[in-house]
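Coordinates from structure-v8.pdb are shown below (PDB, C-alpha atoms, pLDDT in the B column).
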```pdb
ATOM      1  CA  MET A   7      25.934  14.347  -6.650  1.00 62.00           C
ATOM      2  CA  GLU A   8      24.681  16.405  -3.722  1.00 65.00           C
ATOM      3  CA  SER A   9      21.766  17.730  -5.768  1.00 90.00           C
ATOM      4  CA  ASP A  10      20.668  14.179  -6.611  1.00 93.00           C
ATOM      5  CA  LEU A  11      20.560  13.343  -2.916  1.00 94.00           C
ATOM      6  CA  GLN A  12      18.613  16.525  -2.226  1.00 95.00           C
ATOM      7  CA  TYR A  13      15.918  15.647  -4.754  1.00 97.00           C
ATOM      8  CA  MET A  14      15.628  12.043  -3.565  1.00 97.00           C
ATOM      9  CA  THR A  15      15.386  13.258   0.026  1.00 96.00           C
ATOM     10  CA  ARG A  16      12.505  15.460  -1.046  1.00 97.00           C
ATOM     11  CA  ALA A  17      10.821  12.490  -2.752  1.00 97.00           C
ATOM     12  CA  LEU A  18      11.138  10.448   0.443  1.00 98.00           C
ATOM     13  CA  GLU A  19       9.724  13.354   2.439  1.00 97.00           C
ATOM     14  CA  ILE A  20       6.581  13.744   0.377  1.00 97.00           C
ATOM     15  CA  ALA A  21       6.084   9.969   0.185  1.00 97.00           C
ATOM     16  CA  GLU A  22       5.331  10.110   3.923  1.00 95.00           C
ATOM     17  CA  TRP A  23       2.266  12.231   3.227  1.00 94.00           C
ATOM     18  CA  GLY A  24       0.470   9.080   2.087  1.00 94.00           C
ATOM     19  CA  SER A  25       1.099   7.266   5.361  1.00 92.00           C
ATOM     20  CA  GLY A  26      -1.888   5.167   6.384  1.00 89.00           C
ATOM     21  CA  ALA A  27      -3.811   5.766   3.165  1.00 90.00           C
ATOM     22  CA  THR A  28      -1.966   3.545   0.688  1.00 92.00           C
ATOM     23  CA  ARG A  29      -1.904   0.186   2.464  1.00 86.00           C
ATOM     24  CA  PRO A  30      -1.412  -2.519   1.339  1.00 89.00           C
ATOM     25  CA  ASN A  31       0.446  -0.560  -1.345  1.00 92.00           C
ATOM     26  CA  PRO A  32       3.782   1.148  -0.627  1.00 94.00           C
ATOM     27  CA  LEU A  33       4.537   4.771   0.148  1.00 96.00           C
ATOM     28  CA  VAL A  34       6.010   6.438  -2.941  1.00 97.00           C
ATOM     29  CA  GLY A  35       7.180   9.964  -3.671  1.00 97.00           C
ATOM     30  CA  ALA A  36       8.293  11.443  -7.003  1.00 97.00           C
ATOM     31  CA  VAL A  37      10.070  14.665  -7.973  1.00 97.00           C
ATOM     32  CA  LEU A  38      10.634  15.927 -11.527  1.00 97.00           C
ATOM     33  CA  VAL A  39      13.644  18.185 -12.058  1.00 97.00           C
ATOM     34  CA  LYS A  40      14.691  20.193 -15.104  1.00 95.00           C
ATOM     35  CA  GLN A  41      17.652  22.532 -15.355  1.00 93.00           C
ATOM     36  CA  GLY A  42      18.145  22.449 -11.607  1.00 91.00           C
ATOM     37  CA  LYS A  43      14.534  23.332 -10.815  1.00 94.00           C
ATOM     38  CA  ILE A  44      11.717  21.175  -9.456  1.00 96.00           C
ATOM     39  CA  ILE A  45       8.902  21.269 -12.005  1.00 97.00           C
ATOM     40  CA  GLY A  46       6.610  18.617 -10.563  1.00 96.00           C
ATOM     41  CA  GLU A  47       6.011  16.639  -7.392  1.00 97.00           C
ATOM     42  CA  GLY A  48       3.668  13.857  -6.420  1.00 96.00           C
ATOM     43  CA  TYR A  49       3.034  11.089  -3.918  1.00 96.00           C
ATOM     44  CA  HIS A  50       0.825   8.023  -3.785  1.00 96.00           C
ATOM     45  CA  GLN A  51      -2.174   9.474  -1.982  1.00 94.00           C
ATOM     46  CA  ALA A  52      -4.535   6.525  -1.593  1.00 92.00           C
ATOM     47  CA  TYR A  53      -4.867   2.848  -2.432  1.00 91.00           C
ATOM     48  CA  GLY A  54      -6.357   2.444  -5.888  1.00 89.00           C
ATOM     49  CA  GLY A  55      -5.565   6.025  -6.908  1.00 92.00           C
ATOM     50  CA  PRO A  56      -2.903   7.422  -9.263  1.00 93.00           C
ATOM     51  CA  HIS A  57       0.699   6.716  -8.372  1.00 95.00           C
ATOM     52  CA  ALA A  58       3.270   9.327  -7.364  1.00 96.00           C
ATOM     53  CA  GLU A  59       4.810   9.567 -10.830  1.00 96.00           C
ATOM     54  CA  ILE A  60       1.472  10.440 -12.429  1.00 96.00           C
ATOM     55  CA  TYR A  61       0.867  13.338 -10.050  1.00 96.00           C
ATOM     56  CA  ALA A  62       4.367  14.675 -10.724  1.00 97.00           C
ATOM     57  CA  LEU A  63       3.906  14.387 -14.503  1.00 97.00           C
ATOM     58  CA  ARG A  64       0.541  16.155 -14.328  1.00 96.00           C
ATOM     59  CA  GLU A  65       2.056  19.033 -12.390  1.00 96.00           C
ATOM     60  CA  ALA A  66       4.962  19.384 -14.810  1.00 95.00           C
ATOM     61  CA  GLY A  67       2.845  19.133 -17.969  1.00 94.00           C
ATOM     62  CA  VAL A  68       4.778  19.582 -21.211  1.00 94.00           C
ATOM     63  CA  GLU A  69       7.813  20.697 -19.198  1.00 95.00           C
ATOM     64  CA  ALA A  70       8.376  17.039 -18.270  1.00 96.00           C
ATOM     65  CA  GLU A  71      10.110  16.481 -21.604  1.00 95.00           C
ATOM     66  CA  GLY A  72      13.858  16.217 -21.070  1.00 96.00           C
ATOM     67  CA  SER A  73      13.547  16.179 -17.263  1.00 96.00           C
ATOM     68  CA  THR A  74      14.916  13.829 -14.612  1.00 97.00           C
ATOM     69  CA  LEU A  75      12.529  11.896 -12.407  1.00 97.00           C
ATOM     70  CA  TYR A  76      13.524  11.023  -8.848  1.00 98.00           C
ATOM     71  CA  VAL A  77      11.245   8.340  -7.418  1.00 98.00           C
ATOM     72  CA  THR A  78      11.497   6.307  -4.212  1.00 98.00           C
ATOM     73  CA  LEU A  79      10.392   3.009  -5.796  1.00 97.00           C
ATOM     74  CA  GLU A  80      10.791   1.520  -9.258  1.00 96.00           C
ATOM     75  CA  PRO A  81       7.948   2.668 -11.561  1.00 95.00           C
ATOM     76  CA  CYS A  82       5.358  -0.026 -12.232  1.00 92.00           C
ATOM     77  CA  SER A  83       5.124  -1.625 -15.650  1.00 89.00           C
ATOM     78  CA  HIS A  84       1.854  -3.545 -15.404  1.00 83.00           C
ATOM     79  CA  HIS A  85      -1.861  -2.784 -15.564  1.00 81.00           C
ATOM     80  CA  GLY A  86      -3.364  -2.973 -12.085  1.00 77.00           C
ATOM     81  CA  LYS A  87      -5.882  -0.547 -10.627  1.00 80.00           C
ATOM     82  CA  THR A  88      -4.071   2.098 -12.695  1.00 84.00           C
ATOM     83  CA  PRO A  89      -2.149   2.032 -16.018  1.00 88.00           C
ATOM     84  CA  PRO A  90       1.643   1.461 -15.990  1.00 90.00           C
ATOM     85  CA  CYS A  91       3.649   4.444 -14.756  1.00 94.00           C
ATOM     86  CA  ALA A  92       6.620   3.408 -16.918  1.00 94.00           C
ATOM     87  CA  GLU A  93       4.551   3.956 -20.056  1.00 94.00           C
ATOM     88  CA  ALA A  94       3.418   7.390 -18.875  1.00 95.00           C
ATOM     89  CA  ILE A  95       7.018   8.365 -18.123  1.00 96.00           C
ATOM     90  CA  ALA A  96       8.163   7.301 -21.579  1.00 96.00           C
ATOM     91  CA  LYS A  97       5.242   9.063 -23.247  1.00 95.00           C
ATOM     92  CA  ALA A  98       6.179  12.295 -21.452  1.00 96.00           C
ATOM     93  CA  ASN A  99       9.728  12.005 -22.893  1.00 96.00           C
ATOM     94  CA  VAL A 100      11.425  12.070 -19.509  1.00 96.00           C
ATOM     95  CA  LYS A 101      15.173  11.874 -20.087  1.00 97.00           C
ATOM     96  CA  LYS A 102      16.349  10.048 -16.945  1.00 97.00           C
ATOM     97  CA  VAL A 103      14.829   8.121 -14.040  1.00 97.00           C
ATOM     98  CA  VAL A 104      16.599   7.786 -10.689  1.00 97.00           C
ATOM     99  CA  CYS A 105      14.922   5.390  -8.267  1.00 96.00           C
ATOM    100  CA  ALA A 106      15.880   4.518  -4.713  1.00 97.00           C
ATOM    101  CA  ILE A 107      15.014   0.809  -4.765  1.00 96.00           C
ATOM    102  CA  SER A 108      13.616  -1.724  -7.200  1.00 95.00           C
ATOM    103  CA  ASP A 109      10.153  -3.139  -6.577  1.00 93.00           C
ATOM    104  CA  PRO A 110      10.255  -6.781  -5.354  1.00 93.00           C
ATOM    105  CA  ASN A 111       6.648  -7.298  -6.420  1.00 89.00           C
ATOM    106  CA  PRO A 112       6.828 -10.137  -9.005  1.00 85.00           C
ATOM    107  CA  LEU A 113       4.584  -8.061 -11.278  1.00 83.00           C
ATOM    108  CA  VAL A 114       7.350  -5.423 -11.462  1.00 87.00           C
ATOM    109  CA  GLN A 115      10.722  -6.686 -10.172  1.00 86.00           C
ATOM    110  CA  GLY A 116      12.979  -4.909 -12.649  1.00 89.00           C
ATOM    111  CA  LYS A 117      10.488  -4.845 -15.494  1.00 91.00           C
ATOM    112  CA  GLY A 118       9.754  -1.142 -14.988  1.00 94.00           C
ATOM    113  CA  LEU A 119      13.392  -0.113 -15.311  1.00 94.00           C
ATOM    114  CA  ALA A 120      13.914  -2.530 -18.212  1.00 94.00           C
ATOM    115  CA  TYR A 121      10.990  -0.997 -20.106  1.00 94.00           C
ATOM    116  CA  LEU A 122      12.323   2.520 -19.558  1.00 95.00           C
ATOM    117  CA  GLN A 123      15.752   1.474 -20.825  1.00 95.00           C
ATOM    118  CA  GLU A 124      14.154  -0.041 -23.928  1.00 94.00           C
ATOM    119  CA  GLN A 125      12.556   3.337 -24.569  1.00 94.00           C
ATOM    120  CA  GLY A 126      15.963   5.024 -24.482  1.00 95.00           C
ATOM    121  CA  ILE A 127      15.569   6.479 -21.000  1.00 96.00           C
ATOM    122  CA  GLU A 128      18.640   6.502 -18.783  1.00 96.00           C
ATOM    123  CA  THR A 129      18.051   4.819 -15.415  1.00 96.00           C
ATOM    124  CA  SER A 130      19.860   4.324 -12.135  1.00 95.00           C
ATOM    125  CA  CYS A 131      18.833   2.658  -8.892  1.00 95.00           C
ATOM    126  CA  GLY A 132      20.198   2.699  -5.345  1.00 95.00           C
ATOM    127  CA  LEU A 133      20.260   6.342  -4.278  1.00 95.00           C
ATOM    128  CA  SER A 134      19.053   6.581  -0.630  1.00 96.00           C
ATOM    129  CA  ALA A 135      18.191   2.880  -0.766  1.00 97.00           C
ATOM    130  CA  GLU A 136      18.528   2.332   2.980  1.00 97.00           C
ATOM    131  CA  GLN A 137      16.090   5.144   3.794  1.00 97.00           C
ATOM    132  CA  ALA A 138      13.643   3.937   1.147  1.00 97.00           C
ATOM    133  CA  ARG A 139      13.715   0.369   2.485  1.00 97.00           C
ATOM    134  CA  LYS A 140      13.109   1.604   6.019  1.00 97.00           C
ATOM    135  CA  GLN A 141      10.205   3.766   4.868  1.00 96.00           C
ATOM    136  CA  ASN A 142       8.523   0.793   3.186  1.00 96.00           C
ATOM    137  CA  GLU A 143       9.615  -1.983   5.527  1.00 96.00           C
ATOM    138  CA  ILE A 144       6.009  -3.111   6.012  1.00 95.00           C
ATOM    139  CA  PHE A 145       5.328  -3.440   2.275  1.00 94.00           C
ATOM    140  CA  LEU A 146       8.714  -4.995   1.485  1.00 96.00           C
ATOM    141  CA  HIS A 147       8.381  -7.585   4.241  1.00 96.00           C
ATOM    142  CA  PHE A 148       4.906  -8.643   3.166  1.00 94.00           C
ATOM    143  CA  ILE A 149       5.596  -8.730  -0.570  1.00 93.00           C
ATOM    144  CA  THR A 150       8.713 -10.876  -0.115  1.00 93.00           C
ATOM    145  CA  THR A 151       7.571 -13.222   2.685  1.00 95.00           C
ATOM    146  CA  LYS A 152       3.763 -13.209   2.360  1.00 94.00           C
ATOM    147  CA  THR A 153       3.605 -12.808   6.144  1.00 94.00           C
ATOM    148  CA  PRO A 154       2.479  -9.768   8.171  1.00 93.00           C
ATOM    149  CA  PHE A 155       4.995  -7.251   9.470  1.00 94.00           C
ATOM    150  CA  VAL A 156       4.518  -7.192  13.239  1.00 94.00           C
ATOM    151  CA  LEU A 157       5.646  -4.507  15.680  1.00 93.00           C
ATOM    152  CA  LEU A 158       5.563  -5.072  19.442  1.00 90.00           C
ATOM    153  CA  LYS A 159       4.831  -1.904  21.389  1.00 85.00           C
ATOM    154  CA  THR A 160       5.011  -1.843  25.157  1.00 80.00           C
ATOM    155  CA  ALA A 161       5.368   0.854  27.808  1.00 77.00           C
ATOM    156  CA  MET A 162       7.266   0.126  30.994  1.00 75.00           C
ATOM    157  CA  SER A 163       8.902   1.876  33.899  1.00 74.00           C
ATOM    158  CA  LEU A 164      12.665   1.969  34.425  1.00 74.00           C
ATOM    159  CA  ASP A 165      12.461  -1.144  36.609  1.00 73.00           C
ATOM    160  CA  GLY A 166      10.757  -3.122  33.847  1.00 71.00           C
ATOM    161  CA  LYS A 167       7.164  -2.924  35.095  1.00 71.00           C
ATOM    162  CA  ILE A 168       4.112  -2.134  32.935  1.00 67.00           C
ATOM    163  CA  ALA A 169       1.961  -0.960  35.869  1.00 68.00           C
ATOM    164  CA  THR A 170       2.217   0.082  39.508  1.00 64.00           C
ATOM    165  CA  LYS A 171       1.785  -2.447  42.323  1.00 64.00           C
ATOM    166  CA  THR A 172      -1.878  -1.439  42.498  1.00 64.00           C
ATOM    167  CA  GLY A 173      -2.353  -2.210  38.792  1.00 63.00           C
ATOM    168  CA  GLU A 174      -2.458   1.383  37.558  1.00 62.00           C
ATOM    169  CA  SER A 175      -0.826   1.914  34.167  1.00 60.00           C
ATOM    170  CA  ARG A 176      -2.079   5.318  33.004  1.00 63.00           C
ATOM    171  CA  TRP A 177       0.175   6.993  32.269  1.00 64.00           C
ATOM    172  CA  ILE A 178       3.620   5.396  32.278  1.00 66.00           C
ATOM    173  CA  THR A 179       4.501   7.056  28.990  1.00 67.00           C
ATOM    174  CA  SER A 180       4.926  10.728  28.127  1.00 71.00           C
ATOM    175  CA  GLY A 181       2.727  12.854  25.905  1.00 71.00           C
ATOM    176  CA  GLN A 182       5.356  12.661  23.182  1.00 79.00           C
ATOM    177  CA  SER A 183       5.421   8.862  23.186  1.00 79.00           C
ATOM    178  CA  ARG A 184       1.616   8.669  23.206  1.00 78.00           C
ATOM    179  CA  SER A 185       1.569  10.917  20.157  1.00 84.00           C
ATOM    180  CA  TYR A 186       4.024   8.538  18.479  1.00 84.00           C
ATOM    181  CA  VAL A 187       1.685   5.616  19.211  1.00 87.00           C
ATOM    182  CA  HIS A 188      -1.051   7.315  17.223  1.00 90.00           C
ATOM    183  CA  ARG A 189       1.305   7.741  14.282  1.00 90.00           C
ATOM    184  CA  LEU A 190       1.957   4.004  14.470  1.00 91.00           C
ATOM    185  CA  ARG A 191      -1.773   3.256  14.537  1.00 92.00           C
ATOM    186  CA  ASN A 192      -2.196   5.421  11.464  1.00 92.00           C
ATOM    187  CA  ARG A 193       0.427   3.412   9.556  1.00 92.00           C
ATOM    188  CA  TYR A 194      -0.411  -0.141  10.604  1.00 93.00           C
ATOM    189  CA  ALA A 195      -3.400  -2.129   9.369  1.00 93.00           C
ATOM    190  CA  ALA A 196      -4.322  -3.632  12.738  1.00 95.00           C
ATOM    191  CA  ILE A 197      -3.692  -3.295  16.474  1.00 96.00           C
ATOM    192  CA  MET A 198      -3.966  -6.224  18.895  1.00 96.00           C
ATOM    193  CA  VAL A 199      -4.471  -6.243  22.672  1.00 95.00           C
ATOM    194  CA  GLY A 200      -5.410  -8.834  25.262  1.00 94.00           C
ATOM    195  CA  ILE A 201      -8.628  -8.959  27.211  1.00 95.00           C
ATOM    196  CA  GLY A 202      -6.707  -7.854  30.315  1.00 91.00           C
ATOM    197  CA  THR A 203      -6.005  -4.506  28.688  1.00 89.00           C
ATOM    198  CA  VAL A 204      -9.648  -4.114  27.669  1.00 94.00           C
ATOM    199  CA  LEU A 205     -10.920  -4.839  31.176  1.00 92.00           C
ATOM    200  CA  ALA A 206      -8.319  -2.688  32.929  1.00 85.00           C
ATOM    201  CA  ASP A 207      -8.112   0.337  30.631  1.00 87.00           C
ATOM    202  CA  ASP A 208     -11.264   0.268  28.457  1.00 93.00           C
ATOM    203  CA  PRO A 209      -9.227   1.590  25.484  1.00 92.00           C
ATOM    204  CA  VAL A 210     -10.620   2.920  22.206  1.00 94.00           C
ATOM    205  CA  LEU A 211      -7.561   2.029  20.053  1.00 94.00           C
ATOM    206  CA  THR A 212      -8.496   4.471  17.301  1.00 94.00           C
ATOM    207  CA  THR A 213      -6.094   6.936  15.691  1.00 92.00           C
ATOM    208  CA  ARG A 214      -6.132  10.485  16.977  1.00 89.00           C
ATOM    209  CA  MET A 215      -3.581  12.799  15.371  1.00 84.00           C
ATOM    210  CA  GLU A 216      -3.233  16.497  16.028  1.00 81.00           C
ATOM    211  CA  GLY A 217      -3.818  18.636  12.960  1.00 76.00           C
ATOM    212  CA  ARG A 218      -4.814  15.852  10.577  1.00 78.00           C
ATOM    213  CA  ASN A 219      -7.211  12.968  10.129  1.00 82.00           C
ATOM    214  CA  GLY A 220      -5.760   9.558  10.804  1.00 85.00           C
ATOM    215  CA  HIS A 221      -6.688   6.098   9.548  1.00 90.00           C
ATOM    216  CA  ASN A 222      -8.057   3.687  12.119  1.00 93.00           C
ATOM    217  CA  PRO A 223      -6.615   0.164  12.250  1.00 94.00           C
ATOM    218  CA  LEU A 224      -8.617  -3.018  12.656  1.00 96.00           C
ATOM    219  CA  ARG A 225      -8.905  -3.513  16.438  1.00 97.00           C
ATOM    220  CA  ILE A 226      -8.238  -7.103  17.545  1.00 97.00           C
ATOM    221  CA  VAL A 227      -8.890  -8.428  21.053  1.00 97.00           C
ATOM    222  CA  MET A 228      -7.516 -11.785  22.208  1.00 97.00           C
ATOM    223  CA  ASP A 229     -10.411 -12.853  24.416  1.00 96.00           C
ATOM    224  CA  SER A 230     -10.566 -16.642  24.883  1.00 95.00           C
ATOM    225  CA  ARG A 231     -13.542 -16.520  27.268  1.00 94.00           C
ATOM    226  CA  ALA A 232     -15.503 -13.792  25.424  1.00 94.00           C
ATOM    227  CA  ARG A 233     -15.409 -11.359  28.326  1.00 95.00           C
ATOM    228  CA  THR A 234     -15.312  -8.121  26.315  1.00 95.00           C
ATOM    229  CA  PRO A 235     -18.081  -5.940  27.830  1.00 95.00           C
ATOM    230  CA  LEU A 236     -20.812  -4.926  25.415  1.00 94.00           C
ATOM    231  CA  ASN A 237     -20.675  -1.421  26.887  1.00 95.00           C
ATOM    232  CA  SER A 238     -16.894  -1.116  26.406  1.00 96.00           C
ATOM    233  CA  ARG A 239     -15.608   1.799  24.371  1.00 96.00           C
ATOM    234  CA  LEU A 240     -14.406  -0.633  21.720  1.00 96.00           C
ATOM    235  CA  ILE A 241     -17.933  -1.847  21.084  1.00 96.00           C
ATOM    236  CA  ARG A 242     -19.507   1.595  21.434  1.00 96.00           C
ATOM    237  CA  THR A 243     -17.190   2.962  18.716  1.00 95.00           C
ATOM    238  CA  ILE A 244     -17.616   0.085  16.290  1.00 94.00           C
ATOM    239  CA  ASP A 245     -18.992   2.507  13.677  1.00 94.00           C
ATOM    240  CA  GLU A 246     -15.613   4.292  13.691  1.00 92.00           C
ATOM    241  CA  ALA A 247     -13.430   1.225  13.229  1.00 93.00           C
ATOM    242  CA  PRO A 248     -14.032  -2.533  13.015  1.00 95.00           C
ATOM    243  CA  VAL A 249     -13.412  -4.837  15.967  1.00 97.00           C
ATOM    244  CA  MET A 250     -12.362  -8.491  15.804  1.00 97.00           C
ATOM    245  CA  ILE A 251     -12.740 -10.496  19.015  1.00 96.00           C
ATOM    246  CA  VAL A 252     -10.803 -13.781  18.963  1.00 96.00           C
ATOM    247  CA  THR A 253     -12.332 -16.350  21.285  1.00 95.00           C
ATOM    248  CA  SER A 254     -11.962 -20.087  21.934  1.00 94.00           C
ATOM    249  CA  GLU A 255     -13.999 -23.056  23.045  1.00 91.00           C
ATOM    250  CA  LYS A 256     -13.612 -21.699  26.572  1.00 89.00           C
ATOM    251  CA  ALA A 257     -16.247 -19.126  25.649  1.00 84.00           C
ATOM    252  CA  LEU A 258     -18.905 -21.781  25.160  1.00 83.00           C
ATOM    253  CA  PRO A 259     -21.538 -22.080  27.936  1.00 78.00           C
TER     254      PRO A 259
END
```

Hey, can you dump this file as structure tokens for me?
Amino acid sequence: MESDLQYMTRALEIAEWGSGATRPNPLVGAVLVKQGKIIGEGYHQAYGGPHAEIYALREAGVEAEGSTLYVTLEPCSHHGKTPPCAEAIAKANVKKVVCAISDPNPLVQGKGLAYLQEQGIETSCGLSAEQARKQNEIFLHFITTKTPFVLLKTAMSLDGKIATKTGESRWITSGQSRSYVHRLRNRYAAIMVGIGTVLADDPVLTTRMEGRNGHNPLRIVMDSRARTPLNSRLIRTIDEAPVMIVTSEKALP
């Protein structure tokens, strides 16, 4: 139904509010609906904190009984840093749960939906699945492959160059694309550059977002000869975000 899609779209929208704060956990949004009215909303705000469903249930209070929960990821069914969301949903007497995708985490992987069904709660899964998978592509890739999700970002001119013939590279990109880069830094756990970039641009590589505080990634420099200047902006801002300098035997005297 169109209304179902509307509520799941809202859940996906508010899930984004946790971007950068939940890693390595996924982004999750939840919306509780009763008689065509949203009675509670929530999103996973920070790693180790309450999940989206709990915030939505708290906002709805006793009105949660008989409601429908729209959630972007299958509710958890195990004790981790927080109690199982599936148990809280059942205790609140929610009537139906609609989730976008199941959770591939072996600790969940269908167990959350199975528990809800055992408690007499109607469930369905698959609404807006493509959007939900895209939103959590980092989490889904890692949890299923145990390897990092890597994004290559590069800026180049129309003729395929990353700098002018004199070596200048600031700025090839527009203000809009540079703003997008900071949103990427906020979402990803680490950012990697080569020593050439450090020596040429003296970058900071922290997250600077207009109107909100961002989360700084781990800053990694591939520096085989240990040439990173001690007075570089990376080193001078080490209190703001950690720096990892990867060297080799070539760095030995």

(Q) Which residues would end up in the selection if the PyMOL selection byres ((chain A and resi 214) around 12) were applied here, given that I need the answer as a list in words? (A) Arg184, Ser185, Tyr186, Val187, His188, Arg189, Leu190, Arg191, Asn192, Val210, Leu211, Thr212, Thr213, Met215, Glu216, Gly217, Arg218, Asn219, Gly220, His221, Asn222, Pro223 and Glu246 of chain A

Selection to disk with C-alpha atoms, as an mmCIF file, keeping the file's coordinate frame:
```
data_model
loop_
_atom_site.group_PDB
_atom_site.id
_atom_site.type_symbol
_atom_site.label_atom_id
_atom_site.label_comp_id
_atom_site.auth_asym_id
_atom_site.auth_seq_id
_atom_site.Cartn_x
_atom_site.Cartn_y
_atom_site.Cartn_z
ATOM 1 C CA ARG A 184 1.616 8.669 23.206
ATOM 2 C CA SER A 185 1.569 10.917 20.157
ATOM 3 C CA TYR A 186 4.024 8.538 18.479
ATOM 4 C CA VAL A 187 1.685 5.616 19.211
ATOM 5 C CA HIS A 188 -1.051 7.315 17.223
ATOM 6 C CA ARG A 189 1.305 7.741 14.282
ATOM 7 C CA LEU A 190 1.957 4.004 14.470
ATOM 8 C CA ARG A 191 -1.773 3.256 14.537
ATOM 9 C CA ASN A 192 -2.196 5.421 11.464
ATOM 10 C CA VAL A 210 -10.620 2.920 22.206
ATOM 11 C CA LEU A 211 -7.561 2.029 20.053
ATOM 12 C CA THR A 212 -8.496 4.471 17.301
ATOM 13 C CA THR A 213 -6.094 6.936 15.691
ATOM 14 C CA MET A 215 -3.581 12.799 15.371
ATOM 15 C CA GLU A 216 -3.233 16.497 16.028
ATOM 16 C CA GLY A 217 -3.818 18.636 12.960
ATOM 17 C CA ARG A 218 -4.814 15.852 10.577
ATOM 18 C CA ASN A 219 -7.211 12.968 10.129
ATOM 19 C CA GLY A 220 -5.760 9.558 10.804
ATOM 20 C CA HIS A 221 -6.688 6.098 9.548
ATOM 21 C CA ASN A 222 -8.057 3.687 12.119
ATOM 22 C CA PRO A 223 -6.615 0.164 12.250
ATOM 23 C CA GLU A 246 -15.613 4.292 13.691
#
```

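Here atom CA of Thr203 of chain A is placed at a distance of 29.4 Å from atom CA of Lys152 of chain A.
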
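The two atoms in question, atom CA of Gly48 of chain A and atom CA of Gly67 of chain A, are spaced 12.7 Å apart.
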
**Q.** Explicit residues for the PyMOL selection byres ((chain A and resi 230) around 7) (as JSON, numbers by chain)
**A.** {"A": [228, 229, 231, 232, 252, 253, 254, 256, 257]}

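Taken over the shown file, the PyMOL selection byres ((chain A and resi 118) around 8) identifies Glu80, Pro81, Cys82, Ser83, Ala92, Val114, Gln115, Gly116, Lys117, Leu119, Ala120, Tyr121 and Leu122 of chain A.
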
Dump as a PDB file, in the coordinates of the input, selection limited to C-alpha atoms:
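Result saved to part_32.pdb:
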```pdb
ATOM      1  CA  GLU A  80      10.791   1.520  -9.258  1.00 96.00           C
ATOM      2  CA  PRO A  81       7.948   2.668 -11.561  1.00 95.00           C
ATOM      3  CA  CYS A  82       5.358  -0.026 -12.232  1.00 92.00           C
ATOM      4  CA  SER A  83       5.124  -1.625 -15.650  1.00 89.00           C
ATOM      5  CA  ALA A  92       6.620   3.408 -16.918  1.00 94.00           C
ATOM      6  CA  VAL A 114       7.350  -5.423 -11.462  1.00 87.00           C
ATOM      7  CA  GLN A 115      10.722  -6.686 -10.172  1.00 86.00           C
ATOM      8  CA  GLY A 116      12.979  -4.909 -12.649  1.00 89.00           C
ATOM      9  CA  LYS A 117      10.488  -4.845 -15.494  1.00 91.00           C
ATOM     10  CA  LEU A 119      13.392  -0.113 -15.311  1.00 94.00           C
ATOM     11  CA  ALA A 120      13.914  -2.530 -18.212  1.00 94.00           C
ATOM     12  CA  TYR A 121      10.990  -0.997 -20.106  1.00 94.00           C
ATOM     13  CA  LEU A 122      12.323   2.520 -19.558  1.00 95.00           C
TER      14      LEU A 122
END
```

Q. Interatomic distance between atom CA of Tyr61 of chain A and atom CA of Leu79 of chain A?
A. 14.7 Å

(Q) Can you pull out the residues contacting Leu38 of chain A? Cut-off 12 Å, using all atoms listed in the file, and skip same-chain residues under 4 positions away; I want them as a PyMOL selection string. (A) chain A and resi 10+13-14+16-17+42-49+58-77+95+98+100-105

Q) Using only C-alpha atoms, which residues sit within 12 Å of Asp245 of chain A once same-chain residues fewer than 2 positions away are excluded, as a list in words? A) Val210, Thr212, Asn222, Leu224, Arg239, Leu240, Ile241, Arg242, Thr243, Ala247, Pro248 and Val249 of chain A

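You can rank A:Phe145, A:Leu133, A:Pro112, A:Glu128 by their closest distance to Val34 of chain A using all atoms listed in the file, and at the top of that list sits A:Phe145.
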
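Counting only C-alpha atoms and comparing A:Met250, A:Ala21, A:Val37, A:Leu164, the residue that lies closest to His50 of chain A is A:Ala21.
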
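For the point (3.6, -4.2, 12.3) in file coordinates, the residues within 9 Å, using all atoms listed in the file, are Ile144, Pro154, Phe155, Val156, Leu157, Leu158, Leu190, Arg193, Tyr194, Ala195, Ala196 and Ile197 of chain A.
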
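Distances here use only C-alpha atoms; by that measure, the residue among A:His57, A:Ser134, A:Ile251, A:Leu113 closest to Gln12 of chain A is A:Ser134.
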
(Q) Ranking A:Ala94, A:Leu205, A:Val227, A:Ala138 by minimum distance to Leu33 of chain A and counting only C-alpha atoms, which one comes first? (A) A:Ala138
